[in-house]
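Just run-v7.cif here, mmCIF, C-alpha atoms:
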```
data_query
loop_
_atom_site.label_atom_id
_atom_site.label_comp_id
_atom_site.auth_asym_id
_atom_site.auth_seq_id
_atom_site.Cartn_x
_atom_site.Cartn_y
_atom_site.Cartn_z
CA MET A 1 11.39 0.90 -41.50
CA GLN A 2 14.14 3.20 -40.21
CA LYS A 3 11.93 6.23 -40.87
CA LEU A 4 9.09 4.71 -38.86
CA ALA A 5 11.48 3.75 -36.06
CA ALA A 6 12.74 7.32 -35.91
CA ALA A 7 9.24 8.80 -35.94
CA HIS A 8 7.82 6.30 -33.44
CA PRO A 9 10.69 5.03 -31.28
CA ALA A 10 10.00 1.95 -29.20
CA THR A 11 10.92 1.51 -25.56
CA LEU A 12 11.68 -1.86 -24.00
CA ILE A 13 10.57 -2.13 -20.39
CA VAL A 14 12.58 -4.80 -18.57
CA PHE A 15 10.70 -6.44 -15.71
CA ASP A 16 12.47 -9.75 -15.08
CA LEU A 17 15.83 -11.47 -15.52
CA LEU A 18 15.95 -15.18 -16.29
CA GLU A 19 19.71 -15.53 -16.64
CA ASN A 20 22.47 -13.51 -15.02
CA ASP A 21 25.40 -11.98 -16.89
CA ALA A 22 27.50 -15.04 -16.02
CA GLY A 23 25.08 -17.27 -17.94
CA LYS A 24 23.49 -18.89 -14.86
CA SER A 25 19.79 -19.68 -15.10
CA LEU A 26 17.54 -17.85 -12.64
CA LEU A 27 14.33 -19.71 -13.53
CA LYS A 28 14.18 -21.50 -10.19
CA VAL A 29 15.19 -18.46 -8.17
CA PRO A 30 12.33 -16.61 -6.39
CA LEU A 31 11.32 -13.23 -7.80
CA ARG A 32 12.69 -11.43 -4.76
CA GLU A 33 16.22 -12.51 -5.73
CA ARG A 34 15.64 -12.13 -9.48
CA ARG A 35 14.56 -8.54 -8.99
CA THR A 36 17.65 -7.69 -6.94
CA THR A 37 19.85 -9.22 -9.63
CA LEU A 38 17.94 -7.34 -12.33
CA GLU A 39 18.37 -4.00 -10.57
CA LYS A 40 22.11 -4.56 -10.30
CA PHE A 41 22.24 -5.55 -13.98
CA ALA A 42 20.24 -2.46 -14.99
CA GLY A 43 22.47 -0.16 -12.96
CA LYS A 44 25.50 -1.60 -14.68
CA ASN A 45 24.22 -1.89 -18.26
CA LEU A 46 21.12 0.19 -18.94
CA LYS A 47 21.92 3.71 -17.75
CA SER A 48 23.30 4.74 -21.13
CA VAL A 49 20.61 2.96 -23.18
CA ALA A 50 17.65 5.34 -23.60
CA ALA A 51 15.42 2.80 -25.36
CA VAL A 52 15.65 0.23 -22.55
CA LYS A 53 14.28 1.01 -19.10
CA LEU A 54 13.82 -0.84 -15.85
CA SER A 55 10.19 -1.27 -14.82
CA PRO A 56 9.18 0.32 -11.54
CA ALA A 57 8.41 -2.09 -8.70
CA THR A 58 7.36 -1.78 -5.09
CA THR A 59 6.22 -3.82 -2.11
CA SER A 60 4.27 -0.83 -0.77
CA LEU A 61 0.51 -1.15 -1.09
CA VAL A 62 0.20 2.65 -0.83
CA GLN A 63 2.48 3.14 -3.83
CA ALA A 64 0.75 0.39 -5.80
CA ARG A 65 -2.60 2.09 -5.23
CA LYS A 66 -1.18 5.37 -6.50
CA TRP A 67 -0.02 3.64 -9.69
CA PHE A 68 -3.41 1.99 -10.06
CA GLU A 69 -5.21 5.33 -9.75
CA LYS A 70 -3.15 6.64 -12.65
CA ALA A 71 -3.91 3.63 -14.84
CA GLY A 72 -5.60 4.48 -18.11
CA GLY A 73 -4.76 5.17 -21.72
CA ASN A 74 -1.80 2.97 -22.55
CA LEU A 75 -1.71 1.54 -19.02
CA ASP A 76 -4.70 -0.55 -18.03
CA GLY A 77 -3.68 -1.77 -14.59
CA VAL A 78 -1.04 -3.08 -12.22
CA MET A 79 0.76 -6.43 -12.21
CA ALA A 80 1.00 -8.06 -8.79
CA LYS A 81 3.56 -10.86 -8.47
CA ARG A 82 4.51 -13.33 -5.77
CA VAL A 83 8.04 -12.46 -4.66
CA ASP A 84 8.56 -15.92 -3.11
CA LEU A 85 7.92 -17.96 -6.26
CA PRO A 86 10.22 -19.02 -9.12
CA TYR A 87 9.53 -18.03 -12.71
CA ALA A 88 6.34 -19.72 -13.97
CA SER A 89 6.88 -20.16 -17.69
CA GLY A 90 3.68 -20.13 -19.73
CA GLU A 91 1.51 -19.75 -16.62
CA ARG A 92 -0.08 -17.01 -14.57
CA THR A 93 0.05 -18.83 -11.27
CA ALA A 94 2.62 -16.43 -9.82
CA MET A 95 0.89 -13.18 -10.72
CA VAL A 96 -2.39 -11.36 -11.13
CA LYS A 97 -3.23 -8.46 -13.41
CA VAL A 98 -5.38 -5.91 -11.61
CA LYS A 99 -7.45 -3.88 -14.07
CA ASN A 100 -9.89 -1.11 -13.35
CA ILE A 101 -12.58 -2.71 -15.46
CA ARG A 102 -15.00 -5.55 -14.95
CA THR A 103 -15.96 -8.12 -17.56
CA ALA A 104 -18.31 -11.08 -17.64
CA ASP A 105 -19.09 -13.82 -20.15
CA CYS A 106 -22.84 -13.83 -20.80
CA VAL A 107 -25.29 -15.86 -22.83
CA VAL A 108 -27.45 -14.07 -25.37
CA GLY A 109 -31.00 -15.15 -24.52
CA GLY A 110 -32.88 -12.72 -26.71
CA PHE A 111 -32.85 -9.42 -28.55
CA ARG A 112 -34.91 -6.32 -29.18
CA TYR A 113 -35.35 -4.55 -32.46
CA ALA A 114 -34.32 -0.91 -32.68
CA SER A 115 -37.21 1.53 -32.44
CA GLY A 116 -39.01 1.79 -35.78
CA SER A 117 -36.61 -0.67 -37.39
CA LYS A 118 -36.27 -4.32 -38.29
CA LEU A 119 -32.61 -4.31 -37.29
CA ILE A 120 -31.36 -5.36 -33.87
CA GLY A 121 -31.21 -2.58 -31.31
CA SER A 122 -29.90 -4.55 -28.36
CA LEU A 123 -28.93 -8.05 -27.27
CA LEU A 124 -30.36 -9.37 -24.00
CA LEU A 125 -27.83 -11.00 -21.70
CA GLY A 126 -28.20 -13.86 -19.27
CA LEU A 127 -26.28 -15.74 -16.60
CA HIS A 128 -26.98 -19.18 -15.11
CA ASP A 129 -27.66 -19.78 -11.44
CA ASP A 130 -26.62 -22.88 -9.49
CA ALA A 131 -29.75 -24.69 -10.65
CA GLY A 132 -28.91 -24.05 -14.30
CA LEU A 133 -31.66 -21.47 -14.89
CA LEU A 134 -30.74 -18.64 -17.25
CA HIS A 135 -31.63 -15.24 -15.77
CA HIS A 136 -31.83 -12.00 -17.70
CA VAL A 137 -29.21 -9.64 -16.25
CA GLY A 138 -28.97 -6.77 -18.72
CA PHE A 139 -28.32 -5.79 -22.29
CA THR A 140 -25.72 -4.55 -24.71
CA SER A 141 -26.26 -2.24 -27.65
CA ALA A 142 -22.68 -1.06 -28.11
CA PHE A 143 -21.99 -2.56 -31.51
CA LYS A 144 -21.22 -0.84 -34.77
CA THR A 145 -24.07 0.26 -37.01
CA ALA A 146 -22.44 -1.61 -39.89
CA ASP A 147 -22.71 -4.87 -37.90
CA ARG A 148 -26.42 -4.61 -37.10
CA ARG A 149 -27.61 -6.25 -40.32
CA ALA A 150 -25.37 -9.32 -39.84
CA LEU A 151 -26.33 -9.57 -36.17
CA THR A 152 -30.01 -9.38 -37.07
CA LYS A 153 -29.67 -12.20 -39.57
CA LYS A 154 -27.69 -14.31 -37.11
CA PHE A 155 -30.06 -13.99 -34.18
CA GLU A 156 -33.28 -14.13 -36.17
CA ALA A 157 -32.10 -17.57 -37.31
CA LEU A 158 -31.71 -18.55 -33.63
CA ARG A 159 -35.19 -17.47 -32.52
CA LYS A 160 -36.59 -20.06 -30.14
CA ARG A 161 -38.58 -19.99 -26.91
CA PRO A 162 -38.17 -19.57 -24.02
CA GLY A 163 -34.80 -17.79 -24.31
CA PHE A 164 -34.55 -17.22 -20.55
CA THR A 165 -35.57 -20.02 -18.21
CA GLY A 166 -35.31 -17.90 -15.05
CA ASN A 167 -36.03 -14.19 -14.69
CA ALA A 168 -37.05 -12.85 -18.09
CA PRO A 169 -36.96 -9.33 -19.58
CA GLY A 170 -39.94 -7.04 -19.32
CA GLY A 171 -40.71 -7.54 -15.64
CA PRO A 172 -42.01 -4.74 -13.39
CA SER A 173 -39.63 -1.79 -13.23
CA ARG A 174 -39.87 1.96 -12.80
CA TRP A 175 -38.15 2.17 -16.19
CA SER A 176 -40.61 -0.13 -17.97
CA THR A 177 -42.40 1.12 -21.05
CA GLU A 178 -44.78 -0.61 -23.41
CA ARG A 179 -41.87 -1.33 -25.73
CA SER A 180 -39.60 -2.67 -22.96
CA GLY A 181 -41.70 -5.83 -22.84
CA GLU A 182 -41.21 -6.54 -26.54
CA TRP A 183 -38.35 -8.93 -27.13
CA GLU A 184 -37.47 -11.95 -29.22
CA PRO A 185 -36.21 -15.10 -27.43
CA VAL A 186 -33.34 -17.05 -28.96
CA ALA A 187 -31.70 -20.40 -28.32
CA PRO A 188 -29.02 -19.83 -25.67
CA LYS A 189 -26.07 -20.77 -27.85
CA VAL A 190 -24.06 -17.57 -28.22
CA VAL A 191 -21.60 -16.32 -25.57
CA VAL A 192 -20.28 -12.78 -25.50
CA GLU A 193 -17.82 -11.12 -23.14
CA VAL A 194 -18.98 -7.70 -22.02
CA ALA A 195 -17.43 -4.92 -19.94
CA TYR A 196 -19.59 -3.29 -17.28
CA ASP A 197 -19.34 -0.81 -14.45
CA HIS A 198 -21.76 -2.05 -11.75
CA PHE A 199 -23.76 -5.18 -11.04
CA THR A 200 -26.40 -4.69 -8.34
CA GLY A 201 -29.89 -6.01 -7.76
CA GLU A 202 -29.21 -9.07 -9.92
CA ARG A 203 -28.48 -7.10 -13.07
CA PHE A 204 -26.05 -4.75 -14.78
CA ARG A 205 -27.06 -1.24 -13.79
CA HIS A 206 -26.23 0.22 -17.20
CA GLY A 207 -25.74 -0.99 -20.73
CA THR A 208 -22.61 -3.06 -21.28
CA LYS A 209 -19.96 -2.93 -23.97
CA ILE A 210 -19.00 -5.90 -26.12
CA VAL A 211 -15.40 -6.98 -25.63
CA ARG A 212 -15.42 -10.11 -27.82
CA TRP A 213 -17.48 -13.07 -28.92
CA ARG A 214 -16.59 -16.22 -26.97
CA ASN A 215 -16.96 -19.08 -29.46
CA ASP A 216 -14.56 -21.02 -27.24
CA LYS A 217 -16.84 -21.01 -24.20
CA ALA A 218 -19.89 -23.13 -23.46
CA PRO A 219 -23.07 -21.24 -22.45
CA LYS A 220 -23.41 -23.35 -19.28
CA GLN A 221 -20.09 -21.92 -18.09
CA CYS A 222 -21.60 -18.44 -17.93
CA THR A 223 -22.70 -18.28 -14.30
CA LEU A 224 -23.69 -15.62 -11.79
CA ASP A 225 -20.59 -16.25 -9.67
CA GLN A 226 -18.64 -14.14 -12.19
CA VAL A 227 -20.30 -11.00 -10.87
CA ALA A 228 -20.71 -11.91 -7.19
CA HIS A 229 -19.20 -9.33 -4.82
CA ARG A 230 -17.80 -7.15 -7.61
CA GLU A 231 -19.96 -4.11 -7.13
CA GLY A 232 -17.87 -0.95 -7.31
CA ARG A 233 -14.51 -2.71 -7.08
CA ALA A 234 -11.62 -3.51 -9.31
CA ILE A 235 -11.08 -7.16 -10.18
CA ALA A 236 -7.99 -9.30 -10.34
CA LEU A 237 -7.65 -11.18 -13.62
CA LEU A 238 -5.58 -14.35 -13.42
#
```
The structure given in the file should be rewritten as structure tokens.
Amino acid sequence: MQKLAAAHPATLIVFDLLENDAGKSLLKVPLRERRTTLEKFAGKNLKSVAAVKLSPATTSLVQARKWFEKAGGNLDGVMAKRVDLPYASGERTAMVKVKNIRTADCVVGGFRYASGSKLIGSLLLGLHDDAGLLHHVGFTSAFKTADRRALTKKFEALRKRPGFTGNAPGGPSRWSTERSGEWEPVAPKVVVEVAYDHFTGERFRHGTKIVRWRNDKAPKQCTLDQVAHREGRAIALL
């Protein structure tokens, strides 16, 4: 353990203070005051401790945008917090996490086999409108080759028409081919969270990437309002 600690030293980034050095609780104190107290505490106690650092903070939108532009790798975004609110234990009501990615929870309404294969090539994604109709909005094929056989077995067992009750795959498109109209409908029971870059013209402009399977979410909860007005912008995740 000591060898690993020496080879890969950890750094603790301190971003809040819930009790001052006199033992007084700061839970009900607004962040504006907690931050001031934290900075004083850090100046007094952390200067000589290399493994513990004070997190940067600003009220300047210009500076926050600069930090956001540098996000990537180990940093995936910027935390924005309400300076006028007390500490919200176990909640995210006092902050938002701004990430330079977009995700949506979609229903799998069908699939296509890979070219010349009996294994799944892509899953067809859908979102519900206000009337409850499931519209085809794109696809995902970014899963591991080793998983294709299990996915094929899973979704072949779910084959059932119509799959999509609104706009269906294979409609007129400049990208359509004979094969693009070939797809297998499935019962809309499986929800998957996908990451995407743009949503325009009622569909994802490119293939999406699977983030996780959402066994905890009902298909009817997967609605088009997730992607409304998100074209080309970062999103705030509560």
Taking the file as shown, what set of residues would the PyMOL selection byres ((chain A and resi 112-126) around 7) give back, as a ChimeraX atom specification?
-> /A:106-111,127-128,134-141,148-149,151-152,182-184
Would you export the selected residues with C-alpha atoms as a PDB file, in the coordinates of the input, please?
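So the final result, stored in selection_4.pdb, reads:
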```pdb
ATOM      1  CA  CYS A 106     -22.840 -13.830 -20.800  1.00  0.00           C
ATOM      2  CA  VAL A 107     -25.290 -15.860 -22.830  1.00  0.00           C
ATOM      3  CA  VAL A 108     -27.450 -14.070 -25.370  1.00  0.00           C
ATOM      4  CA  GLY A 109     -31.000 -15.150 -24.520  1.00  0.00           C
ATOM      5  CA  GLY A 110     -32.880 -12.720 -26.710  1.00  0.00           C
ATOM      6  CA  PHE A 111     -32.850  -9.420 -28.550  1.00  0.00           C
ATOM      7  CA  LEU A 127     -26.280 -15.740 -16.600  1.00  0.00           C
ATOM      8  CA  HIS A 128     -26.980 -19.180 -15.110  1.00  0.00           C
ATOM      9  CA  LEU A 134     -30.740 -18.640 -17.250  1.00  0.00           C
ATOM     10  CA  HIS A 135     -31.630 -15.240 -15.770  1.00  0.00           C
ATOM     11  CA  HIS A 136     -31.830 -12.000 -17.700  1.00  0.00           C
ATOM     12  CA  VAL A 137     -29.210  -9.640 -16.250  1.00  0.00           C
ATOM     13  CA  GLY A 138     -28.970  -6.770 -18.720  1.00  0.00           C
ATOM     14  CA  PHE A 139     -28.320  -5.790 -22.290  1.00  0.00           C
ATOM     15  CA  THR A 140     -25.720  -4.550 -24.710  1.00  0.00           C
ATOM     16  CA  SER A 141     -26.260  -2.240 -27.650  1.00  0.00           C
ATOM     17  CA  ARG A 148     -26.420  -4.610 -37.100  1.00  0.00           C
ATOM     18  CA  ARG A 149     -27.610  -6.250 -40.320  1.00  0.00           C
ATOM     19  CA  LEU A 151     -26.330  -9.570 -36.170  1.00  0.00           C
ATOM     20  CA  THR A 152     -30.010  -9.380 -37.070  1.00  0.00           C
ATOM     21  CA  GLU A 182     -41.210  -6.540 -26.540  1.00  0.00           C
ATOM     22  CA  TRP A 183     -38.350  -8.930 -27.130  1.00  0.00           C
ATOM     23  CA  GLU A 184     -37.470 -11.950 -29.220  1.00  0.00           C
TER      24      GLU A 184
END
```
Out of A:Ala218, A:Lys28, A:Ala51, A:Pro188, which residue has the shortest atom-to-atom distance to His8 of chain A when counting all atoms listed in the file?
->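 The closest residue to His8 of chain A is A:Ala51.
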Near-Glu39 of chain A list (12 Å; all atoms listed in the file; drop same-chain fewer than 4 positions) as a list in words |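 Surrounding residues, per the criterion: Val14, Phe15, Asp16, Leu17, Asn20, Leu31, Arg32, Glu33, Arg34, Arg35, Gly43, Lys44, Asn45, Leu46, Lys47, Lys53, Leu54, Ser55, Pro56 and Ala57 of chain A.
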For Thr36 of chain A, the nearest of the candidates A:Val192, A:Val83, A:Val227, A:Val98, counting all atoms listed in the file | A:Val83
Pairwise distance, atom CA of Val49 of chain A with atom CA of Leu4 of chain A, equals 19.5 Å
Would you mind reading off the distance between atom CA of Pro219 of chain A and atom CA of Asp147 of chain A, one decimal, in Å?
->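 Separation of atom CA of Pro219 of chain A and atom CA of Asp147 of chain A: 22.5 Å.
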What does the distance from atom CA of Arg161 of chain A to atom CA of Phe204 of chain A come to in Å, to one decimal?
->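 Distance reported for this atom pair: 23.2 Å.
Comparing the minimum interatomic distances between Phe143 of chain A and each of A:Thr208, A:Gly166, A:Glu156, A:Ala88, counting all atoms listed in the file, we find that A:Thr208 sits nearest.
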Mind telling me what the PyMOL selection byres ((chain A and resi 81) around 7) catches here, as number ranges by chain?
-> A: 79-80, 82-83, 94-96
Selected residue of minimal separation from Ala10 of chain A among A:His206, A:Val211, A:Glu91, A:Val52, counting all atoms listed in the file =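 Closest residue, counting all atoms listed in the file: A:Val52.
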Apply the PyMOL selection byres ((chain A and resi 223) around 6) to the displayed file and report the matching residues as a list in words.
->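 Selected by the PyMOL selection byres ((chain A and resi 223) around 6) here: Leu127, His128, Asp129, Gln221, Cys222, Leu224 and Asp225 of chain A.
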So that all listed atoms of segment 214-217 of chain A fit with 8 Å spare on each side, what axis-aligned box centre and edge lengths in Å, to one decimal, would you give as JSON?
```
{"center_x": -15.8, "center_y": -18.6, "center_z": -26.8, "size_x": 18.4, "size_y": 20.8, "size_z": 21.3}
```
For Asp84 of chain A, which residue among A:Val190, A:Gly207, A:Ala157, A:Val29 is the nearest when counting all atoms listed in the file?
-> A:Val29
